[in-house]
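*Asks:* Have a peek at entry38.txt (compact mmCIF, C-alpha atoms).
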```txt
# COMPACT_ATOMS: atom_id res chain seq x y z
CA MET A 1 10.01 -20.83 -21.10
CA ALA A 2 7.72 -18.54 -19.31
CA ILE A 3 9.59 -19.31 -16.16
CA ALA A 4 13.13 -18.48 -17.09
CA SER A 5 12.77 -14.77 -16.99
CA CYS A 6 11.98 -15.19 -13.37
CA PHE A 7 15.23 -16.87 -12.65
CA PHE A 8 18.33 -15.09 -11.56
CA CYS A 9 20.57 -14.67 -14.47
CA VAL A 10 23.97 -16.12 -13.66
CA PRO A 11 26.74 -14.82 -15.86
CA THR A 12 29.26 -17.38 -17.02
CA PRO A 13 31.87 -17.25 -19.72
CA ASN A 14 29.48 -18.86 -22.18
CA THR A 15 26.26 -17.52 -20.82
CA SER A 16 23.90 -14.82 -21.93
CA ILE A 17 21.90 -13.04 -19.32
CA SER A 18 18.16 -12.88 -18.96
CA GLU A 19 16.94 -10.12 -16.78
CA SER A 20 13.72 -8.51 -16.31
CA ASN A 21 15.70 -8.38 -17.10
CA LEU A 22 16.49 -8.21 -2.98
CA THR A 23 8.92 1.43 14.94
CA TRP A 24 6.10 3.23 13.33
CA PRO A 25 5.38 6.64 14.91
CA HIS A 26 2.46 6.67 17.30
CA LEU A 27 -0.69 7.71 15.51
CA ALA A 28 -2.54 10.43 17.28
CA SER A 29 -6.24 9.86 16.95
CA PHE A 30 -7.48 11.75 13.94
CA PRO A 31 -10.19 14.23 14.92
CA ARG A 32 -13.67 13.34 13.74
CA LEU A 33 -14.49 15.49 10.78
CA SER A 34 -17.90 17.00 10.33
CA SER A 35 -19.40 17.65 6.94
CA SER A 36 -18.67 21.33 7.38
CA SER A 37 -14.98 20.51 7.55
CA PHE A 38 -14.98 19.93 3.83
CA ASN A 39 -16.85 23.09 2.80
CA GLY A 40 -14.90 24.97 0.15
CA VAL A 41 -12.39 22.15 -0.12
CA ILE A 42 -14.06 19.15 -1.71
CA SER A 43 -17.53 17.73 -2.05
CA ALA A 44 -18.54 14.16 -1.46
CA LYS A 45 -20.09 14.06 -4.88
CA SER A 46 -16.84 15.01 -6.58
CA ILE A 47 -14.93 12.03 -5.23
CA SER A 48 -17.68 9.52 -4.66
CA PHE A 49 -16.24 6.16 -3.73
CA ASN A 50 -18.43 4.50 -6.32
CA ARG A 51 -16.68 6.37 -9.08
CA ARG A 52 -13.26 4.93 -9.78
CA VAL A 53 -10.67 7.65 -10.09
CA PRO A 54 -7.53 6.88 -12.08
CA ILE A 55 -4.39 7.63 -10.16
CA SER A 56 -2.53 9.47 -12.88
CA PRO A 57 -4.45 12.79 -12.79
CA VAL A 58 -3.67 13.38 -9.13
CA PHE A 59 0.04 13.16 -9.71
CA SER A 60 1.73 16.39 -10.59
CA ALA A 61 3.84 15.98 -13.68
CA SER A 62 4.88 19.57 -14.12
CA ILE A 63 8.53 20.47 -14.19
CA GLY A 64 9.87 23.76 -13.00
CA ASN A 65 9.85 25.99 -10.02
CA GLY A 66 6.11 25.90 -9.62
CA GLY A 67 5.47 22.18 -10.10
CA SER A 68 5.21 19.44 -7.53
CA ASP A 69 7.36 17.23 -9.70
CA ASN A 70 10.21 19.65 -9.69
CA ILE A 71 13.20 17.77 -10.97
CA GLY A 72 15.20 20.96 -11.11
CA GLY A 73 15.34 21.53 -7.40
CA GLY A 74 12.63 24.17 -6.83
CA HIS A 75 10.69 23.96 -3.60
CA GLY A 76 11.54 20.85 -1.71
CA GLY A 77 15.22 20.83 -0.96
CA GLY A 78 14.71 22.20 2.50
CA ASP A 79 13.13 19.05 3.86
CA GLY A 80 14.53 16.36 1.64
CA GLY A 81 12.30 16.93 -1.34
CA LYS A 82 9.03 17.01 0.59
CA ASN A 83 7.02 20.20 0.83
CA ASN A 84 7.14 21.62 4.30
CA GLY A 85 3.45 22.35 4.62
CA ASP A 86 3.60 26.06 3.89
CA GLY A 87 1.93 27.77 0.94
CA GLU A 88 0.88 25.62 -1.98
CA GLY A 89 2.37 22.46 -0.47
CA GLY A 90 0.30 22.93 2.71
CA GLU A 91 -2.88 23.43 0.69
CA ASP A 92 -2.16 20.26 -1.28
CA ARG A 93 -1.72 18.27 1.90
CA ASP A 94 -4.92 19.64 3.44
CA ARG A 95 -6.79 18.70 0.29
CA ASN A 96 -5.19 15.24 0.25
CA ARG A 97 -6.14 14.61 3.86
CA ASN A 98 -9.73 15.76 3.35
CA GLU A 99 -10.16 13.65 0.22
CA ALA A 100 -8.74 10.55 1.89
CA MET A 101 -10.83 10.93 5.04
CA LEU A 102 -14.01 11.46 3.05
CA LEU A 103 -13.37 8.33 0.96
CA LEU A 104 -12.76 6.30 4.10
CA LYS A 105 -16.00 7.61 5.59
CA GLU A 106 -17.98 6.74 2.45
CA SER A 107 -16.56 3.22 2.35
CA GLY A 108 -17.13 2.63 6.05
CA THR A 109 -13.43 2.05 6.68
CA GLU A 110 -11.91 3.16 9.97
CA LEU A 111 -8.55 4.89 9.91
CA GLU A 112 -7.36 2.63 12.73
CA SER A 113 -8.01 -0.47 10.59
CA LEU A 114 -5.48 0.59 7.94
CA PRO A 115 -1.79 -0.37 7.98
CA LYS A 116 0.05 1.99 10.27
CA ASP A 117 2.24 3.49 7.57
CA LEU A 118 -0.75 4.19 5.34
CA ALA A 119 -2.72 5.73 8.22
CA ALA A 120 0.21 7.96 9.12
CA ALA A 121 0.53 9.09 5.50
CA ILE A 122 -3.17 9.97 5.42
CA GLU A 123 -2.96 11.98 8.62
CA SER A 124 0.03 13.92 7.33
CA GLY A 125 -1.68 14.57 3.97
CA ARG A 126 1.06 12.87 1.98
CA ILE A 127 -1.23 10.82 -0.27
CA PRO A 128 -4.24 11.94 -2.35
CA GLY A 129 -7.68 10.39 -2.42
CA SER A 130 -6.98 8.38 -5.59
CA VAL A 131 -4.42 6.31 -3.68
CA ILE A 132 -7.08 5.46 -1.10
CA ASN A 133 -9.44 4.58 -3.95
CA ARG A 134 -6.84 2.17 -5.31
CA PHE A 135 -6.19 0.69 -1.88
CA LEU A 136 -9.89 -0.01 -1.35
CA GLU A 137 -10.17 -1.55 -4.83
CA LEU A 138 -7.15 -3.80 -4.24
CA GLN A 139 -8.57 -4.93 -0.91
CA LYS A 140 -11.40 -6.65 -2.80
CA SER A 141 -8.99 -9.28 -4.13
CA ALA A 142 -7.81 -11.95 -1.70
CA VAL A 143 -4.42 -12.21 -3.42
CA MET A 144 -3.87 -8.45 -3.46
CA ARG A 145 -5.09 -8.15 0.13
CA TRP A 146 -2.47 -10.71 1.17
CA LEU A 147 0.32 -8.99 -0.78
CA MET A 148 -0.66 -5.63 0.69
CA GLN A 149 0.41 -6.92 4.10
CA PHE A 150 4.01 -6.46 2.95
CA ALA A 151 5.20 -2.86 2.94
CA GLY A 152 7.26 -3.16 -0.25
CA PHE A 153 4.41 -4.64 -2.26
CA ARG A 154 1.95 -2.20 -0.69
CA GLU A 155 3.96 0.83 -1.84
CA ARG A 156 4.34 -0.53 -5.37
CA LEU A 157 0.76 -1.72 -5.84
CA LEU A 158 -0.60 1.62 -4.66
CA ALA A 159 1.53 3.35 -7.30
CA ASP A 160 0.74 0.83 -10.06
CA ASP A 161 -2.08 -1.69 -9.88
CA LEU A 162 -0.43 -3.56 -12.78
CA PHE A 163 2.80 -4.08 -10.84
CA LEU A 164 2.06 -7.74 -10.15
CA ALA A 165 1.12 -8.29 -13.79
CA LYS A 166 4.40 -6.71 -14.91
CA LEU A 167 6.31 -8.91 -12.50
CA SER A 168 4.56 -11.94 -13.99
CA MET A 169 5.30 -10.72 -17.50
CA GLU A 170 8.99 -10.57 -16.80
CA CYS A 171 8.96 -14.02 -15.27
CA GLY A 172 6.85 -15.30 -18.13
CA VAL A 173 8.84 -13.99 -21.08
CA GLY A 174 12.29 -14.41 -19.58
CA ILE A 175 12.66 -18.06 -20.47
CA PHE A 176 11.74 -17.34 -24.10
CA THR A 177 14.10 -14.42 -24.49
CA LYS A 178 16.87 -16.11 -22.54
CA THR A 179 16.68 -19.35 -24.46
CA ALA A 180 16.58 -17.47 -27.75
CA ALA A 181 19.61 -15.39 -26.78
CA GLU A 182 21.46 -18.48 -25.52
CA TYR A 183 20.85 -20.30 -28.76
CA GLU A 184 21.74 -17.25 -30.84
CA ARG A 185 25.14 -17.03 -29.20
CA ARG A 186 25.91 -20.76 -28.79
CA ARG A 187 24.39 -22.32 -31.91
CA GLU A 188 25.99 -25.78 -32.30
CA ASN A 189 27.34 -25.67 -28.74
CA PHE A 190 23.91 -25.11 -27.18
CA PHE A 191 23.18 -28.75 -26.32
CA ASN A 192 26.78 -29.42 -25.32
CA GLU A 193 26.55 -26.73 -22.66
CA LEU A 194 23.18 -27.50 -21.11
CA GLU A 195 24.75 -27.52 -17.63
CA VAL A 196 25.63 -23.86 -17.99
CA VAL A 197 22.22 -23.01 -19.44
CA PHE A 198 20.45 -24.83 -16.63
CA ALA A 199 22.44 -22.99 -13.96
CA ASP A 200 21.55 -19.67 -15.57
CA VAL A 201 17.86 -20.48 -15.70
CA ALA A 202 17.84 -21.87 -12.15
CA MET A 203 19.16 -18.61 -10.72
CA ALA A 204 17.59 -16.10 -13.12
CA ILE A 205 14.34 -15.75 -11.15
CA ILE A 206 16.10 -13.82 -8.42
CA ALA A 207 17.66 -11.32 -10.81
CA ASP A 208 14.47 -10.81 -12.78
CA PHE A 209 12.45 -10.25 -9.62
CA MET A 210 14.86 -7.65 -8.27
CA LEU A 211 15.13 -5.90 -11.62
CA VAL A 212 11.39 -5.33 -11.65
CA TYR A 213 10.96 -4.76 -7.90
CA LEU A 214 13.70 -2.24 -7.11
CA PRO A 215 13.17 0.35 -9.91
CA ALA A 216 9.36 0.23 -9.71
CA PRO A 217 7.66 3.57 -8.89
CA THR A 218 6.19 3.66 -5.39
CA VAL A 219 3.85 5.59 -3.14
CA SER A 220 6.31 6.26 -0.33
CA LEU A 221 4.85 5.37 3.05
CA ARG A 222 8.14 5.26 4.91
CA PRO A 223 8.12 7.11 8.24
CA PRO A 224 10.69 9.88 8.76
CA LEU A 225 14.11 8.89 10.04
CA ALA A 226 15.18 9.72 13.56
CA LEU A 227 16.66 13.16 14.09
CA THR A 228 19.95 11.50 14.99
CA ALA A 229 20.27 9.84 11.57
CA GLY A 230 23.22 10.90 9.46
CA GLY A 231 22.99 13.25 6.51
CA ILE A 232 23.67 10.55 3.92
CA SER A 233 21.01 8.26 5.38
CA LYS A 234 18.46 11.08 5.35
CA PHE A 235 19.32 11.96 1.77
CA PHE A 236 18.84 8.46 0.38
CA HIS A 237 15.78 7.91 2.58
CA ASN A 238 14.06 10.82 0.83
CA CYS A 239 15.03 9.75 -2.70
CA PRO A 240 12.32 8.20 -4.89
CA ASP A 241 12.52 4.51 -5.76
CA ASN A 242 12.45 5.36 -9.46
CA ALA A 243 14.46 8.33 -10.69
CA PHE A 244 11.81 9.26 -13.26
CA GLN A 245 8.61 8.54 -11.34
CA VAL A 246 5.88 11.17 -11.13
CA ALA A 247 5.66 12.82 -7.71
CA LEU A 248 2.41 12.70 -5.77
CA SER A 249 0.50 15.90 -5.22
CA GLY A 250 2.07 17.71 -2.27
CA THR A 251 5.47 16.09 -2.83
CA SER A 252 8.49 17.03 -4.92
CA TYR A 253 11.91 15.57 -5.69
CA THR A 254 15.02 17.54 -6.55
CA LEU A 255 17.28 16.62 -9.45
CA LEU A 256 19.91 15.51 -6.93
CA GLN A 257 17.44 13.17 -5.24
CA ARG A 258 16.50 11.64 -8.57
CA LEU A 259 20.17 11.00 -9.30
CA GLY A 260 20.40 9.52 -5.81
CA ALA A 261 17.70 7.01 -6.75
CA ILE A 262 19.89 5.74 -9.59
CA THR A 263 22.89 5.49 -7.29
CA ARG A 264 21.00 3.70 -4.50
CA ASN A 265 19.39 1.16 -6.82
CA GLY A 266 22.70 0.66 -8.59
CA ALA A 267 24.38 -0.26 -5.32
CA LYS A 268 21.61 -2.72 -4.47
CA LEU A 269 21.69 -4.32 -7.91
CA PHE A 270 25.48 -4.60 -7.78
CA ALA A 271 25.19 -6.55 -4.52
CA VAL A 272 22.38 -8.73 -5.90
CA GLY A 273 24.19 -9.41 -9.18
CA THR A 274 27.54 -10.20 -7.61
CA THR A 275 26.09 -12.47 -4.91
CA SER A 276 23.82 -14.39 -7.26
CA SER A 277 26.58 -14.82 -9.79
CA LEU A 278 28.86 -16.25 -7.12
CA VAL A 279 26.23 -18.87 -6.36
CA GLY A 280 25.40 -19.49 -10.01
CA THR A 281 28.97 -19.89 -11.21
CA ALA A 282 29.72 -22.22 -8.30
CA ILE A 283 26.76 -24.38 -9.37
CA THR A 284 27.95 -24.30 -12.99
CA ASN A 285 31.46 -25.40 -12.03
CA ALA A 286 30.00 -28.19 -9.90
CA PHE A 287 28.00 -29.45 -12.91
CA ILE A 288 31.07 -29.35 -15.13
CA LYS A 289 33.19 -31.30 -12.66
CA ALA A 290 30.42 -33.83 -12.06
CA ARG A 291 30.05 -34.39 -15.78
CA GLY A 292 33.79 -34.87 -16.15
CA ALA A 293 33.82 -37.42 -13.34
CA VAL A 294 31.03 -39.47 -14.93
CA ASP A 295 32.05 -39.11 -18.56
CA GLN A 296 35.81 -39.11 -18.93
CA THR A 297 35.53 -38.32 -22.65
CA SER A 298 33.90 -35.00 -21.89
CA GLU A 299 36.56 -33.90 -19.43
CA GLY A 300 38.20 -30.73 -20.62
CA GLU A 301 35.56 -30.02 -23.28
CA ILE A 302 34.02 -27.27 -21.17
CA GLU A 303 36.19 -24.94 -19.12
CA THR A 304 35.22 -24.03 -15.60
CA VAL A 305 33.92 -20.52 -15.00
CA PRO A 306 36.14 -17.80 -13.44
CA ILE A 307 33.97 -17.13 -10.42
CA VAL A 308 35.26 -13.84 -9.01
CA SER A 309 35.79 -11.94 -12.25
CA THR A 310 32.48 -13.12 -13.72
CA SER A 311 30.55 -12.24 -10.55
CA VAL A 312 32.01 -8.74 -10.21
CA ALA A 313 31.50 -8.10 -13.92
CA TYR A 314 27.87 -9.11 -13.71
CA GLY A 315 27.36 -6.96 -10.62
CA VAL A 316 28.69 -3.95 -12.54
CA TYR A 317 26.50 -4.82 -15.51
CA MET A 318 23.35 -4.92 -13.38
CA ALA A 319 24.28 -1.71 -11.54
CA VAL A 320 24.77 0.22 -14.78
CA SER A 321 23.01 -1.25 -17.82
CA SER A 322 20.14 -3.09 -16.14
CA ASN A 323 19.56 -0.35 -13.58
CA LEU A 324 19.26 2.44 -16.17
CA ARG A 325 17.17 0.42 -18.63
CA TYR A 326 14.62 -0.68 -16.06
CA GLN A 327 14.36 2.78 -14.51
CA VAL A 328 13.56 4.20 -17.94
CA VAL A 329 11.07 1.42 -18.76
CA ALA A 330 9.13 1.77 -15.48
CA GLY A 331 9.39 5.51 -14.89
CA VAL A 332 9.36 7.00 -18.39
CA ILE A 333 7.87 4.60 -20.93
CA GLU A 334 5.21 3.05 -18.69
CA GLN A 335 4.29 5.66 -16.07
CA ARG A 336 4.78 8.87 -18.04
CA LEU A 337 3.91 7.78 -21.59
CA LEU A 338 1.70 4.69 -21.69
CA GLU A 339 -0.36 4.98 -18.49
CA PRO A 340 -1.69 8.54 -19.06
CA MET A 341 -2.90 7.50 -22.53
CA LEU A 342 -4.29 4.07 -21.70
CA HIS A 343 -5.23 4.15 -18.00
CA GLN A 344 -8.83 3.35 -18.93
CA HIS A 345 -7.80 0.55 -21.30
CA LYS A 346 -5.99 -1.92 -19.06
CA LEU A 347 -5.83 -4.70 -21.64
CA ALA A 348 -4.14 -2.50 -24.24
CA LEU A 349 -1.83 -1.06 -21.57
CA SER A 350 -0.84 -4.55 -20.44
CA ALA A 351 -0.16 -5.64 -24.00
CA LEU A 352 2.12 -2.68 -24.67
CA CYS A 353 3.95 -3.16 -21.37
CA PHE A 354 4.42 -6.81 -22.31
CA ALA A 355 5.94 -5.84 -25.66
CA VAL A 356 8.25 -3.22 -24.14
CA ARG A 357 9.48 -5.49 -21.37
CA THR A 358 9.99 -8.44 -23.71
CA GLY A 359 12.16 -6.33 -25.98
CA ASN A 360 14.08 -4.94 -23.01
CA THR A 361 14.75 -8.42 -21.64
CA PHE A 362 16.08 -9.74 -24.94
CA LEU A 363 18.18 -6.61 -25.39
CA GLY A 364 19.67 -7.14 -21.95
CA SER A 365 20.59 -10.73 -22.82
CA LEU A 366 22.48 -9.64 -25.94
CA LEU A 367 24.15 -6.69 -24.21
CA TRP A 368 25.48 -8.94 -21.45
CA VAL A 369 27.17 -11.33 -23.89
CA ASP A 370 28.73 -8.46 -25.82
CA TYR A 371 29.89 -6.86 -22.57
CA ALA A 372 31.30 -10.16 -21.27
CA ARG A 373 33.25 -10.70 -24.47
CA LEU A 374 34.49 -7.12 -24.46
CA ILE A 375 36.05 -7.45 -21.00
CA GLY A 376 37.38 -10.93 -21.74
CA ILE A 377 35.34 -13.16 -19.41
CA GLN A 378 33.52 -14.87 -22.27
CA LYS A 379 35.04 -16.34 -25.40
CA SER A 380 33.67 -15.93 -28.89
CA HIS A 381 32.90 -19.09 -30.80
```
Re-express the file's structure as structure tokens.

*Replies:*
Amino acid sequence: MAIASCFFCVPTPNTSISESNLTWPHLASFPRLSSSSFNGVISAKSISFNRRVPISPVFSASIGNGGSDNIGGGHGGGDGGKNNGDGEGGEDRDRNRNEAMLLLKESGTELESLPKDLAAAIESGRIPGSVINRFLELQKSAVMRWLMQFAGFRERLLADDLFLAKLSMECGVGIFTKTAAEYERRRENFFNELEVVFADVAMAIIADFMLVYLPAPTVSLRPPLALTAGGISKFFHNCPDNAFQVALSGTSYTLLQRLGAITRNGAKLFAVGTTSSLVGTAITNAFIKARGAVDQTSEGEIETVPIVSTSVAYGVYMAVSSNLRYQVVAGVIEQRLLEPMLHQHKLALSALCFAVRTGNTFLGSLLWVDYARLIGIQKSH
């Protein structure tokens, strides 16, 4: 059962859904910094590499015209939600760059040895020293070091070192919650419709993965778009991955950009949900026909699944219900509420995240069945 949550949830007329719910710029050589470069800015003692610094304090969580996490618009609209380097934003970036370079020096890590996107972000002062601390800590694990080769995982792990654990949680609890929801809705028909249940479980891993991956908060390391890029492309490029995520020091997001994050993820999840459902319902129909060919007595007992209507309906469901629920879970409940309180108690934090995500997954399963019955693609027994 711990596997089913990982599988892509394929909506069918008699199916409940489990989801957990799819050229770097040239780096100019960074000038060698002398110890005097940091005078009045930061001391080596204050950010010693041997002292682990939690990431949450370096994020600005203030809201309003003066905060870096300005969801009302404030200072950031001029360059796509990123401070332009003047005033307070410029001081933040200078401090970020000095902190990061000092940590690299203390750890004996060369800037040139880092991934290009991370090195570019350090040079531009877009990430604080705590992100470098986390990167160096993650590099100690062979598994994390391998995952950090991939840009998407790198951005998510730098924002949340429990990201992989949360992904595993979703994949681990999905089969329990899905099976429970399936049985709750099917009751005496559960064992008569194992073909449909199997197809759901077989595809659910894709949906669950994307539902955790896409709305997860990130440390954005993406390079700027070309000057010739269109306005819409630039807008969505500068939107956060999670509408509610805390902005890094020296960075801000406008309210419009946060709404854009919901829209962009919704479009992606619609495509993922519709495509996976097309595959899943096709597999389900194939099982039903094969069963009818082997056992003539069972022919007509189970109706085939309406592929197009079910797939589109599930795509809409993922774009709206799943998208909003997982954005809130990752950006509000976990990053803004639980992590600031329990960042030094990883076991307790993991346990609470497990409970929240388990409840969210089961809720999603029930909501899908109710939604499917409401629009007429699933019959009530």

*Asks:* In Å, how far is it from CA of Thr275 in chain A to CA of Gln149 in chain A?

*Replies:*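 Separating CA of Thr275 in chain A from CA of Gln149 in chain A is a distance of 27.8 Å.
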
*Asks:* Pick from A:Asn265, A:Asn96, A:Ser350, A:Gln139: nearest to Leu167 in chain A, with all atoms listed in the file counted?

*Replies:*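 Answer, going by the shortest atom-to-atom distance: A:Ser350.
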
*Asks:* Out of A:Ser309, A:Asn285, A:Asn360, A:Asn189, which residue has the shortest atom-to-atom distance to Ser322 in chain A when counting all atoms listed in the file?

*Replies:*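 Checking each of A:Ser309, A:Asn285, A:Asn360, A:Asn189 against Ser322 in chain A, counting all atoms listed in the file, the winner is A:Asn360.
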
*Asks:* Step by step: start from the point (-2.0, 12.9, -2.3) in the file's coordinates, keep every protein, DNA or RNA residue that has an atom no farther than 8 Å from it, count all atoms listed in the file, and write the set as a list in words.

*Replies:*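 Nearby residues: Val58, Phe59, Asp92, Arg93, Arg95, Asn96, Arg97, Gly125, Arg126, Ile127, Pro128, Gly129, Ser130, Val131, Leu248, Ser249 and Gly250 of chain A.
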
*Asks:* Quote the spacing between CA of Thr281 in chain A and CA of Asp208 in chain A in Å to one decimal place.

*Replies:*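 Between CA of Thr281 in chain A and CA of Asp208 in chain A the gap works out to 17.2 Å.
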
*Asks:* Counting all atoms listed in the file, which of A:Asp117, A:Leu366, A:Pro217, A:Asn242 gets nearest to Leu162 in chain A?

*Replies:*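 When distances to Leu162 in chain A are compared using all atoms listed in the file, the smallest one comes from A:Pro217.
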
*Asks:* Tell me, in Å to one decimal, how far CA of Ser220 in chain A is from CA of Glu155 in chain A.

*Replies:*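 Between these atoms lies a distance of 6.1 Å.
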
*Asks:* Pick out the closest residue to Val173 in chain A from this set: A:Val356, A:Ile375, A:Val328, A:Ala247. Count only C-alpha atoms.

*Replies:*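 Residue with the minimum atom-to-atom distance to Val173 in chain A: A:Val356.
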
*Asks:* Go through A:Ala293, A:Val320, A:Ala216, A:Val143 and flag the residue nearest Gly364 in chain A, using all atoms listed in the file for the distances.

*Replies:*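 Distance minimum relative to Gly364 in chain A lands on A:Val320.
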
*Asks:* Using only C-alpha atoms, which of A:Phe236, A:Phe198, A:Tyr314, A:Tyr253 sits nearest Leu278 in chain A?

*Replies:* A:Tyr314

*Asks:* Compile the contact shell of His237 in chain A as a list in words: residues with an atom at most 10 Å away, counting only C-alpha atoms, same-chain residues fewer than 2 positions apart removed.

*Replies:* Gly80, Arg222, Pro223, Pro224, Leu225, Gly231, Ile232, Ser233, Lys234, Phe235, Cys239, Pro240, Asp241, Gln257, Gly260, Ala261 and Arg264 of chain A

*Asks:* Compile the contact shell of Leu164 in chain A as an NGL selection string: residues with an atom at most 9 Å away, counting only C-alpha atoms, same-chain residues fewer than 5 positions apart removed.

*Replies:* :A and (144 or 153 or 156-157 or 169)

*Asks:* Could I get range 247-262 of chain A rebuilt with N, CA, C and O atoms, written as an mmCIF file, in the coordinates of the input?

*Replies:*
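Saved the output as selection-v2.cif:
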```
data_model
loop_
_atom_site.group_PDB
_atom_site.id
_atom_site.type_symbol
_atom_site.label_atom_id
_atom_site.label_comp_id
_atom_site.auth_asym_id
_atom_site.auth_seq_id
_atom_site.Cartn_x
_atom_site.Cartn_y
_atom_site.Cartn_z
ATOM 1 N N ALA A 247 5.841 12.553 -9.138
ATOM 2 C CA ALA A 247 5.660 12.820 -7.710
ATOM 3 C C ALA A 247 4.177 12.995 -7.396
ATOM 4 O O ALA A 247 3.415 13.547 -8.182
ATOM 5 N N LEU A 248 3.773 12.503 -6.233
ATOM 6 C CA LEU A 248 2.410 12.700 -5.770
ATOM 7 C C LEU A 248 2.140 14.171 -5.493
ATOM 8 O O LEU A 248 3.058 14.944 -5.199
ATOM 9 N N SER A 249 0.893 14.538 -5.569
ATOM 10 C CA SER A 249 0.500 15.900 -5.220
ATOM 11 C C SER A 249 0.934 16.199 -3.787
ATOM 12 O O SER A 249 0.699 15.411 -2.877
ATOM 13 N N GLY A 250 1.582 17.326 -3.599
ATOM 14 C CA GLY A 250 2.070 17.710 -2.270
ATOM 15 C C GLY A 250 3.481 17.251 -1.997
ATOM 16 O O GLY A 250 3.998 17.456 -0.906
ATOM 17 N N THR A 251 4.117 16.608 -2.991
ATOM 18 C CA THR A 251 5.470 16.090 -2.830
ATOM 19 C C THR A 251 6.315 16.500 -4.020
ATOM 20 O O THR A 251 5.799 16.646 -5.121
ATOM 21 N N SER A 252 7.590 16.710 -3.811
ATOM 22 C CA SER A 252 8.490 17.030 -4.920
ATOM 23 C C SER A 252 9.831 16.357 -4.679
ATOM 24 O O SER A 252 10.188 16.027 -3.552
ATOM 25 N N TYR A 253 10.569 16.134 -5.765
ATOM 26 C CA TYR A 253 11.910 15.570 -5.690
ATOM 27 C C TYR A 253 12.861 16.495 -6.442
ATOM 28 O O TYR A 253 12.538 16.974 -7.532
ATOM 29 N N THR A 254 14.021 16.732 -5.872
ATOM 30 C CA THR A 254 15.020 17.540 -6.550
ATOM 31 C C THR A 254 15.764 16.682 -7.561
ATOM 32 O O THR A 254 15.708 15.450 -7.530
ATOM 33 N N LEU A 255 16.476 17.339 -8.463
ATOM 34 C CA LEU A 255 17.280 16.620 -9.450
ATOM 35 C C LEU A 255 18.319 15.750 -8.743
ATOM 36 O O LEU A 255 18.583 14.608 -9.153
ATOM 37 N N LEU A 256 18.905 16.271 -7.662
ATOM 38 C CA LEU A 256 19.910 15.510 -6.930
ATOM 39 C C LEU A 256 19.314 14.249 -6.316
ATOM 40 O O LEU A 256 19.950 13.178 -6.294
ATOM 41 N N GLN A 257 18.095 14.340 -5.818
ATOM 42 C CA GLN A 257 17.440 13.170 -5.240
ATOM 43 C C GLN A 257 17.114 12.127 -6.300
ATOM 44 O O GLN A 257 17.195 10.925 -6.048
ATOM 45 N N ARG A 258 16.768 12.583 -7.497
ATOM 46 C CA ARG A 258 16.500 11.640 -8.570
ATOM 47 C C ARG A 258 17.777 10.928 -8.998
ATOM 48 O O ARG A 258 17.765 9.732 -9.292
ATOM 49 N N LEU A 259 18.882 11.635 -9.027
ATOM 50 C CA LEU A 259 20.170 11.000 -9.300
ATOM 51 C C LEU A 259 20.532 10.035 -8.170
ATOM 52 O O LEU A 259 21.126 8.979 -8.404
ATOM 53 N N GLY A 260 20.150 10.411 -6.947
ATOM 54 C CA GLY A 260 20.400 9.520 -5.810
ATOM 55 C C GLY A 260 19.654 8.208 -5.934
ATOM 56 O O GLY A 260 20.134 7.154 -5.478
ATOM 57 N N ALA A 261 18.462 8.241 -6.548
ATOM 58 C CA ALA A 261 17.700 7.010 -6.750
ATOM 59 C C ALA A 261 18.444 6.047 -7.660
ATOM 60 O O ALA A 261 18.452 4.830 -7.432
ATOM 61 N N ILE A 262 19.096 6.581 -8.694
ATOM 62 C CA ILE A 262 19.890 5.740 -9.590
ATOM 63 C C ILE A 262 21.075 5.142 -8.856
ATOM 64 O O ILE A 262 21.387 3.949 -8.989
#
```
